[in-house]
file data21.cif (mmCIF, C-alpha atoms)
data_work
#
loop_
_atom_site.label_atom_id
_atom_site.label_comp_id
_atom_site.auth_asym_id
_atom_site.auth_seq_id
_atom_site.Cartn_x
_atom_site.Cartn_y
_atom_site.Cartn_z
CA MET A 1 160.09 112.68 92.69
CA ASN A 2 160.07 109.87 90.15
CA GLU A 3 162.34 106.84 90.51
CA GLY A 4 165.11 108.34 88.38
CA GLU A 5 165.13 111.52 90.44
CA LEU A 6 165.24 109.46 93.63
CA VAL A 7 168.32 107.60 92.36
CA VAL A 8 170.03 110.94 91.72
CA LYS A 9 169.08 112.13 95.20
CA ALA A 10 170.46 108.93 96.76
CA THR A 11 173.79 109.60 95.04
CA ALA A 12 173.83 113.13 96.47
CA ILE A 13 173.18 111.66 99.92
CA ARG A 14 176.05 109.19 99.47
CA ARG A 15 178.33 112.09 98.54
CA HIS A 16 177.35 113.93 101.70
CA ILE A 17 178.06 110.81 103.75
CA VAL A 18 181.60 110.54 102.40
CA ARG A 19 182.35 114.25 102.76
CA MET A 20 181.02 114.65 106.29
CA ILE A 21 182.70 111.53 107.68
CA ALA A 22 185.99 112.51 106.06
CA ALA A 23 185.74 116.02 107.50
CA ALA A 24 185.00 114.62 110.97
CA ALA A 25 187.71 111.96 110.64
CA SER A 26 185.21 109.75 112.44
CA GLY A 27 182.00 107.89 111.65
CA HIS A 28 180.42 104.85 110.05
CA PRO A 29 180.48 104.94 106.24
CA GLY A 30 179.68 101.28 105.40
CA GLY A 31 176.22 100.98 106.89
CA SER A 32 175.35 104.57 106.05
CA LEU A 33 176.03 103.98 102.37
CA SER A 34 174.08 100.70 102.36
CA ALA A 35 171.01 102.47 103.78
CA ALA A 36 171.05 105.52 101.50
CA ASP A 37 168.49 104.25 98.98
CA ILE A 38 166.01 103.26 101.69
CA LEU A 39 166.28 106.63 103.42
CA THR A 40 165.95 108.46 100.12
CA ALA A 41 162.75 106.59 99.27
CA LEU A 42 161.33 107.26 102.71
CA TYR A 43 162.09 110.96 102.98
CA PHE A 44 161.33 111.92 99.39
CA ARG A 45 158.31 109.72 98.59
CA VAL A 46 156.91 107.80 101.54
CA LEU A 47 157.02 109.74 104.81
CA ARG A 48 154.51 112.48 105.49
CA VAL A 49 156.72 115.13 107.07
CA ASP A 50 156.95 118.93 107.08
CA PRO A 51 160.50 120.35 107.21
CA GLU A 52 159.04 123.74 108.13
CA ASN A 53 157.32 122.17 111.13
CA PRO A 54 159.44 119.20 112.29
CA ASP A 55 157.18 118.54 115.30
CA TRP A 56 153.96 118.51 113.27
CA PRO A 57 151.67 116.12 115.21
CA GLY A 58 150.35 114.51 112.02
CA ARG A 59 153.77 113.50 110.69
CA ASP A 60 154.90 109.93 110.14
CA ARG A 61 157.59 108.85 112.61
CA PHE A 62 160.96 107.34 111.70
CA VAL A 63 163.32 105.53 114.07
CA LEU A 64 166.90 104.83 112.99
CA SER A 65 167.45 101.82 115.21
CA LYS A 66 170.95 101.31 113.74
CA GLY A 67 171.88 104.72 115.07
CA HIS A 68 175.51 104.58 113.93
CA ALA A 69 174.20 105.18 110.39
CA ALA A 70 173.32 108.73 111.48
CA PRO A 71 175.29 110.32 108.58
CA ALA A 72 172.78 108.85 106.12
CA LEU A 73 169.85 110.16 108.18
CA TYR A 74 171.41 113.61 108.56
CA ALA A 75 172.11 113.83 104.83
CA ALA A 76 168.51 112.89 104.02
CA LEU A 77 167.13 115.40 106.51
CA ALA A 78 169.33 118.18 105.17
CA GLU A 79 168.44 117.43 101.55
CA ARG A 80 164.76 117.38 102.56
CA GLY A 81 165.12 120.86 104.06
CA PHE A 82 165.06 120.29 107.81
CA PHE A 83 168.31 122.24 108.20
CA PRO A 84 170.95 123.75 105.86
CA VAL A 85 173.10 121.30 103.93
CA ASN A 86 176.27 123.14 104.90
CA GLU A 87 175.67 122.13 108.53
CA LEU A 88 176.46 118.52 107.58
CA MET A 89 180.16 119.34 107.70
CA GLY A 90 179.83 119.83 111.45
CA LEU A 91 179.30 116.10 112.01
CA ARG A 92 180.59 115.04 115.43
CA GLY A 93 181.96 118.52 116.03
CA LEU A 94 181.92 120.24 119.41
CA GLY A 95 178.74 122.28 119.64
CA SER A 96 177.21 120.73 116.51
CA HIS A 97 173.67 119.35 116.62
CA LEU A 98 174.85 116.44 114.44
CA GLN A 99 176.47 114.05 116.84
CA GLY A 100 177.64 110.51 116.18
CA HIS A 101 174.20 109.09 116.93
CA PRO A 102 170.78 110.72 116.50
CA ASP A 103 169.59 113.12 119.20
CA ARG A 104 165.87 113.81 119.25
CA LYS A 105 166.31 116.94 121.36
CA GLY A 106 169.04 118.48 119.23
CA THR A 107 168.37 117.73 115.56
CA PRO A 108 165.29 118.89 113.65
CA GLY A 109 163.48 115.92 112.11
CA VAL A 110 164.88 113.25 114.44
CA ASP A 111 162.07 111.39 116.20
CA ALA A 112 164.13 109.12 118.48
CA SER A 113 167.54 109.20 120.14
CA THR A 114 169.22 105.94 119.22
CA GLY A 115 172.59 104.24 119.22
CA SER A 116 172.34 101.46 121.79
CA LEU A 117 171.64 98.64 119.36
CA GLY A 118 168.45 96.67 119.80
CA GLN A 119 166.41 99.47 121.38
CA GLY A 120 165.02 101.27 118.35
CA LEU A 121 162.36 98.72 117.45
CA SER A 122 160.98 98.93 120.99
CA ILE A 123 160.73 102.71 120.59
CA ALA A 124 158.92 102.22 117.27
CA VAL A 125 156.48 99.77 118.87
CA GLY A 126 155.73 102.30 121.61
CA LEU A 127 155.13 105.02 119.04
CA ALA A 128 152.84 102.76 117.02
CA LEU A 129 150.84 101.85 120.13
CA ALA A 130 150.52 105.54 121.01
CA GLY A 131 149.32 106.34 117.51
CA ARG A 132 146.66 103.68 117.72
CA LEU A 133 145.49 104.88 121.14
CA ASP A 134 145.16 108.39 119.70
CA LYS A 135 143.33 107.03 116.64
CA ALA A 136 145.98 108.82 114.55
CA THR A 137 146.51 108.20 110.85
CA TRP A 138 150.29 108.58 110.91
CA ARG A 139 152.57 105.57 110.51
CA VAL A 140 155.84 104.49 112.12
CA TYR A 141 158.90 103.29 110.23
CA ALA A 142 162.09 101.81 111.69
CA LEU A 143 165.41 100.83 110.12
CA LEU A 144 167.31 97.92 111.68
CA GLY A 145 170.75 96.49 110.98
CA ASP A 146 171.26 92.79 110.38
CA GLY A 147 173.96 92.58 113.04
CA GLU A 148 171.62 94.48 115.34
CA ILE A 149 168.94 91.80 115.25
CA GLN A 150 171.30 89.53 117.16
CA GLU A 151 170.07 91.54 120.16
CA GLY A 152 167.37 89.82 122.20
CA GLN A 153 165.37 93.01 122.71
CA ILE A 154 164.62 93.10 118.98
CA TRP A 155 162.70 89.86 119.27
CA GLU A 156 160.79 90.97 122.37
CA ALA A 157 159.69 94.04 120.40
CA ALA A 158 158.86 91.90 117.37
CA MET A 159 156.68 89.64 119.49
CA ALA A 160 154.89 92.62 121.07
CA ALA A 161 154.25 94.29 117.70
CA ALA A 162 152.61 91.16 116.34
CA HIS A 163 150.67 90.51 119.55
CA TYR A 164 149.12 93.97 119.37
CA GLY A 165 148.54 93.78 115.61
CA LEU A 166 150.45 96.97 114.85
CA GLU A 167 149.55 97.38 111.20
CA ASN A 168 150.76 101.00 111.41
CA LEU A 169 154.37 99.83 111.89
CA THR A 170 156.81 99.05 109.06
CA ALA A 171 160.40 97.98 109.74
CA PHE A 172 163.25 97.75 107.28
CA LEU A 173 166.12 95.32 107.75
CA ASP A 174 169.29 96.62 106.09
CA GLN A 175 170.76 93.20 105.35
CA ASN A 176 174.25 94.04 104.13
CA GLY A 177 175.76 90.90 105.65
CA LEU A 178 178.55 92.55 107.62
CA GLN A 179 179.06 93.96 111.09
CA ILE A 180 182.05 95.52 112.81
CA ASP A 181 183.77 92.19 113.53
CA GLY A 182 183.10 90.50 110.19
CA PRO A 183 180.35 88.58 108.40
CA VAL A 184 177.07 88.45 110.30
CA GLU A 185 176.72 84.73 109.62
CA ARG A 186 180.11 84.06 111.25
CA ILE A 187 179.60 86.31 114.28
CA MET A 188 176.09 85.03 115.04
CA ALA A 189 173.97 83.58 112.25
CA ILE A 190 170.54 85.15 111.75
CA GLU A 191 169.24 82.93 108.95
CA PRO A 192 166.61 81.83 108.11
CA VAL A 193 165.68 85.46 108.75
CA VAL A 194 162.51 85.50 106.62
CA ASP A 195 161.13 82.45 108.40
CA LYS A 196 161.95 83.93 111.81
CA TRP A 197 160.03 87.15 111.22
CA ARG A 198 157.11 85.22 109.78
CA ALA A 199 157.13 82.94 112.81
CA PHE A 200 156.92 86.03 115.00
CA GLY A 201 153.75 87.04 113.18
CA TRP A 202 155.02 89.72 110.81
CA HIS A 203 154.16 90.26 107.16
CA VAL A 204 157.51 89.83 105.39
CA ILE A 205 158.57 91.40 102.08
CA SER A 206 161.98 90.59 100.57
CA ILE A 207 163.56 93.05 98.13
CA ASP A 208 166.76 94.35 96.59
CA GLY A 209 167.48 97.28 98.90
CA HIS A 210 169.12 99.26 96.10
CA ASP A 211 166.17 98.97 93.69
CA MET A 212 164.21 102.20 94.18
CA GLY A 213 161.07 100.85 92.54
CA ALA A 214 161.15 97.74 94.73
CA ILE A 215 161.50 99.88 97.87
CA LEU A 216 158.50 102.00 96.94
CA ARG A 217 156.35 98.99 96.03
CA ALA A 218 157.25 97.29 99.30
CA CYS A 219 156.26 100.38 101.29
CA ALA A 220 152.91 100.46 99.52
CA GLU A 221 152.35 96.75 100.23
CA ALA A 222 153.21 97.26 103.89
CA GLU A 223 150.82 100.19 104.19
CA ALA A 224 148.03 98.08 102.69
CA THR A 225 148.65 95.15 105.07
CA ARG A 226 146.08 94.81 107.83
CA GLY A 227 146.19 93.18 111.25
CA ARG A 228 149.96 92.83 111.67
CA PRO A 229 153.21 94.74 111.32
CA SER A 230 155.37 94.47 108.21
CA ILE A 231 159.09 94.08 107.75
CA ILE A 232 160.89 94.78 104.49
CA ILE A 233 164.04 92.67 104.33
CA ALA A 234 166.33 94.61 102.03
CA ALA A 235 169.40 92.89 100.58
CA THR A 236 172.07 95.59 100.42
CA VAL A 237 175.81 96.05 99.94
CA LYS A 238 177.88 97.51 102.74
CA GLY A 239 179.67 100.59 101.41
CA ARG A 240 177.43 100.73 98.34
CA GLY A 241 178.69 103.07 95.63
CA VAL A 242 182.34 103.22 96.68
CA SER A 243 184.22 100.27 95.20
CA PHE A 244 186.98 100.06 97.81
CA MET A 245 184.43 100.12 100.65
CA GLU A 246 181.95 97.62 99.23
CA ASN A 247 181.66 94.35 101.19
CA ARG A 248 184.63 95.32 103.38
CA PRO A 249 183.92 95.04 107.15
CA GLU A 250 186.81 97.37 108.02
CA TRP A 251 184.74 100.25 106.60
CA HIS A 252 182.02 99.71 109.20
CA GLY A 253 183.42 102.44 111.41
CA LYS A 254 186.49 103.93 109.71
CA ALA A 255 186.69 107.39 108.18
CA PRO A 256 188.32 107.80 104.76
CA SER A 257 191.45 109.88 104.40
CA ALA A 258 191.34 113.01 102.26
CA GLU A 259 192.72 111.07 99.31
CA GLN A 260 190.27 108.19 99.80
CA ALA A 261 187.38 110.64 100.11
CA GLU A 262 188.40 112.31 96.86
CA ALA A 263 188.51 108.93 95.10
CA ALA A 264 185.12 107.98 96.54
CA LEU A 265 183.54 111.26 95.43
CA LYS A 266 184.85 110.75 91.91
CA GLU A 267 183.19 107.33 91.82
CA LEU A 268 179.99 108.94 93.03
CA GLY A 269 179.89 111.51 90.28
CA GLY A 270 182.63 114.07 90.14
CA GLU A 271 184.15 116.50 92.51
CA GLY A 272 181.46 118.91 93.72
CA GLY A 273 178.51 118.42 91.45
CA GLY A 274 175.20 117.77 93.11
CA ASP A 275 176.15 119.27 96.48
CA ARG A 276 174.55 122.48 97.76
#
call {"tool": "encode", "arguments": {"input": "data21.cif", "output": "structure tokens"}}
result
Amino acid sequence: MNEGELVVKATAIRRHIVRMIAAAASGHPGGSLSAADILTALYFRVLRVDPENPDWPGRDRFVLSKGHAAPALYAALAERGFFPVNELMGLRGLGSHLQGHPDRKGTPGVDASTGSLGQGLSIAVGLALAGRLDKATWRVYALLGDGEIQEGQIWEAAMAAAHYGLENLTAFLDQNGLQIDGPVERIMAIEPVVDKWRAFGWHVISIDGHDMGAILRACAEAEATRGRPSIIIAATVKGRGVSFMENRPEWHGKAPSAEQAEAALKELGGEGGGDR
């Protein structure tokens, strides 16, 4: 896909996010919408994966450390062909394989069960170490939330990744500035975040997390970096694409009503177009 096609795909993923969370009457729209462009770039241009063989040993691995953004991951996986798109409407339903947080054993294409914030980067470090021991060519990618990096385990994992020179590991920081209780900087300040990751020995790339070209260029730069892990700090907007959700912390974990979902879908491009 070219950049324009990726932007269209990201909009389709945002539409899925709204529809599935509204149908479930439960979920996390804000951080799912902010991460949609990153996940689109990864699953449709960057990651080496095979939807027909989700457990292909040569695949790149992806860890959604901010596991509450599972709707965005599920939408990307469905659009990529790992399972039928119509299964998205079973989000959080009894018997569905699409639960509120990713389940490696239940959902095709999910490489790590996540949800307890702070743990995903450690999983990614373990995967990257395993890949190096196996002399494998696949890479590991992880997506972190900015509120999540208030967790101490993140920094233990960051220190380990640099210590072992895990050049096969790329992390994204979805820096939308908000967490469930309000602004990240008010709850527990993380700045200067670029300087902190550099001090921990990482190669740091700062981008606009909604600029598809910038995301792709950053991934290429990270892949070319030798001797240390890379982190792509992506400035994003919580609730991106839905005006009444943007930069509003109350939409961290609140489902839209039927009327709100209809309004959101109209903003995202009409009432049914683009969905399969």
call {"tool": "atom_distance", "arguments": {"input": "data21.cif", "atom1": "atom CA of Ala158 of chain A", "atom2": "atom CA of Asp181 of chain A"}}
result
25.2 Å
call {"tool": "residues_around", "arguments": {"input": "data21.cif", "residues": "segment 83-92 of chain A", "least_positions_apart": "5", "cutoff": "7 Å", "atoms": "all atoms listed in the file", "output": "PDB file with C-alpha atoms, in the frame of the given file"}}
result
ATOM      1  CA  MET A  20     181.020 114.650 106.290  1.00  0.00           C
ATOM      2  CA  ALA A  23     185.740 116.020 107.500  1.00  0.00           C
ATOM      3  CA  ALA A  24     185.000 114.620 110.970  1.00  0.00           C
ATOM      4  CA  ALA A  75     172.110 113.830 104.830  1.00  0.00           C
ATOM      5  CA  ALA A  78     169.330 118.180 105.170  1.00  0.00           C
ATOM      6  CA  LEU A  98     174.850 116.440 114.440  1.00  0.00           C
ATOM      7  CA  GLN A  99     176.470 114.050 116.840  1.00  0.00           C
ATOM      8  CA  GLY A 100     177.640 110.510 116.180  1.00  0.00           C
ATOM      9  CA  ARG A 276     174.550 122.480  97.760  1.00  0.00           C
TER      10      ARG A 276
END
call {"tool": "resolve_selection", "arguments": {"input": "data21.cif", "expression": "the PyMOL selection byres ((chain A and resi 53-64) around 7)", "output": "MDAnalysis selection string"}}
result
chainID A and resid 47:52 65:67 108:109 111:112 114 120 124 138:143
call {"tool": "closest_residue", "arguments": {"input": "data21.cif", "among": "A:His203, A:Arg104, A:Arg19, A:His210", "to": "Leu39 of chain A", "atoms": "all atoms listed in the file"}}
result
A:His210
call {"tool": "closest_residue", "arguments": {"input": "data21.cif", "among": "A:Ala224, A:Ala171, A:Ala261, A:Ala189", "to": "Leu144 of chain A", "atoms": "all atoms listed in the file"}}
result
A:Ala171
call {"tool": "closest_residue", "arguments": {"input": "data21.cif", "among": "A:Gly115, A:Gly95, A:Pro229, A:Gly147", "to": "Ala70 of chain A", "atoms": "all atoms listed in the file"}}
result
A:Gly115
call {"tool": "residues_around", "arguments": {"input": "data21.cif", "residues": "Gly269 of chain A", "least_positions_apart": "5", "cutoff": "9 Å", "atoms": "all atoms listed in the file", "output": "list in words"}}
result
Thr11, Ala12, Arg15, Ala264 and Gly274 of chain A
call {"tool": "closest_residue", "arguments": {"input": "data21.cif", "among": "A:Ser96, A:Gln153, A:Ala161, A:Ile180", "to": "Gln119 of chain A", "atoms": "only C-alpha atoms"}}
result
A:Gln153
call {"tool": "atom_distance", "arguments": {"input": "data21.cif", "atom1": "atom CA of Ala214 of chain A", "atom2": "atom CA of Asp174 of chain A"}}
result
14.0 Å
call {"tool": "resolve_selection", "arguments": {"input": "data21.cif", "expression": "the PyMOL selection byres ((chain A and resi 45) around 10)", "output": "ChimeraX atom specification"}}
result
/A:1-3,6,39-44,46-48,216,219
call {"tool": "atom_distance", "arguments": {"input": "data21.cif", "atom1": "atom CA of Gly253 of chain A", "atom2": "atom CA of Ala25 of chain A"}}
result
10.5 Å
call {"tool": "resolve_selection", "arguments": {"input": "data21.cif", "expression": "the PyMOL selection byres ((chain A and resi 27-34) around 9)", "output": "VMD selection string"}}
result
chain A and resid 13 to 14 17 to 18 20 to 22 24 to 26 35 to 38 66 68 to 73 91 to 92 100 145 174 to 176 178 to 179 209 to 210 236 to 242 245 to 256
call {"tool": "decode", "arguments": {"input": "data21.cif", "residues": "segment 70-110 of chain A", "atoms": "C-alpha atoms", "output": "compact mmCIF listing (two decimals), in the first residue's frame"}}
result
# COMPACT_ATOMS: atom_id res chain seq x y z
CA ALA A 70 -7.06 -3.96 21.87
CA PRO A 71 -9.89 -2.69 19.60
CA ALA A 72 -7.30 -1.01 17.38
CA LEU A 73 -5.21 -4.19 17.23
CA TYR A 74 -8.24 -6.38 16.51
CA ALA A 75 -9.39 -4.04 13.74
CA ALA A 76 -5.94 -4.10 12.13
CA LEU A 77 -5.72 -7.89 12.37
CA ALA A 78 -9.17 -8.33 10.85
CA GLU A 79 -8.48 -5.92 8.00
CA ARG A 80 -5.18 -7.74 7.38
CA GLY A 81 -7.06 -11.03 7.06
CA PHE A 82 -6.27 -12.90 10.27
CA PHE A 83 -9.99 -13.44 10.92
CA PRO A 84 -13.28 -12.21 9.39
CA VAL A 85 -14.12 -8.55 9.86
CA ASN A 86 -17.64 -9.38 11.01
CA GLU A 87 -16.19 -11.05 14.11
CA LEU A 88 -15.15 -7.60 15.39
CA MET A 89 -18.71 -7.00 16.54
CA GLY A 90 -18.23 -9.73 19.13
CA LEU A 91 -15.82 -7.55 21.13
CA ARG A 92 -15.97 -8.41 24.84
CA GLY A 93 -18.84 -10.82 24.20
CA LEU A 94 -19.26 -14.11 26.04
CA GLY A 95 -17.54 -16.80 24.00
CA SER A 96 -15.83 -14.32 21.67
CA HIS A 97 -12.10 -14.60 21.03
CA LEU A 98 -11.90 -10.78 21.15
CA GLN A 99 -11.79 -9.95 24.80
CA GLY A 100 -11.08 -6.60 26.42
CA HIS A 101 -7.33 -7.20 26.35
CA PRO A 102 -5.28 -9.28 23.89
CA ASP A 103 -5.15 -13.06 24.42
CA ARG A 104 -2.32 -14.85 22.68
CA LYS A 105 -4.02 -18.23 23.03
CA GLY A 106 -7.38 -17.13 21.69
CA THR A 107 -6.88 -14.60 18.89
CA PRO A 108 -5.05 -15.33 15.62
CA GLY A 109 -2.20 -12.89 15.11
CA VAL A 110 -1.77 -11.89 18.76
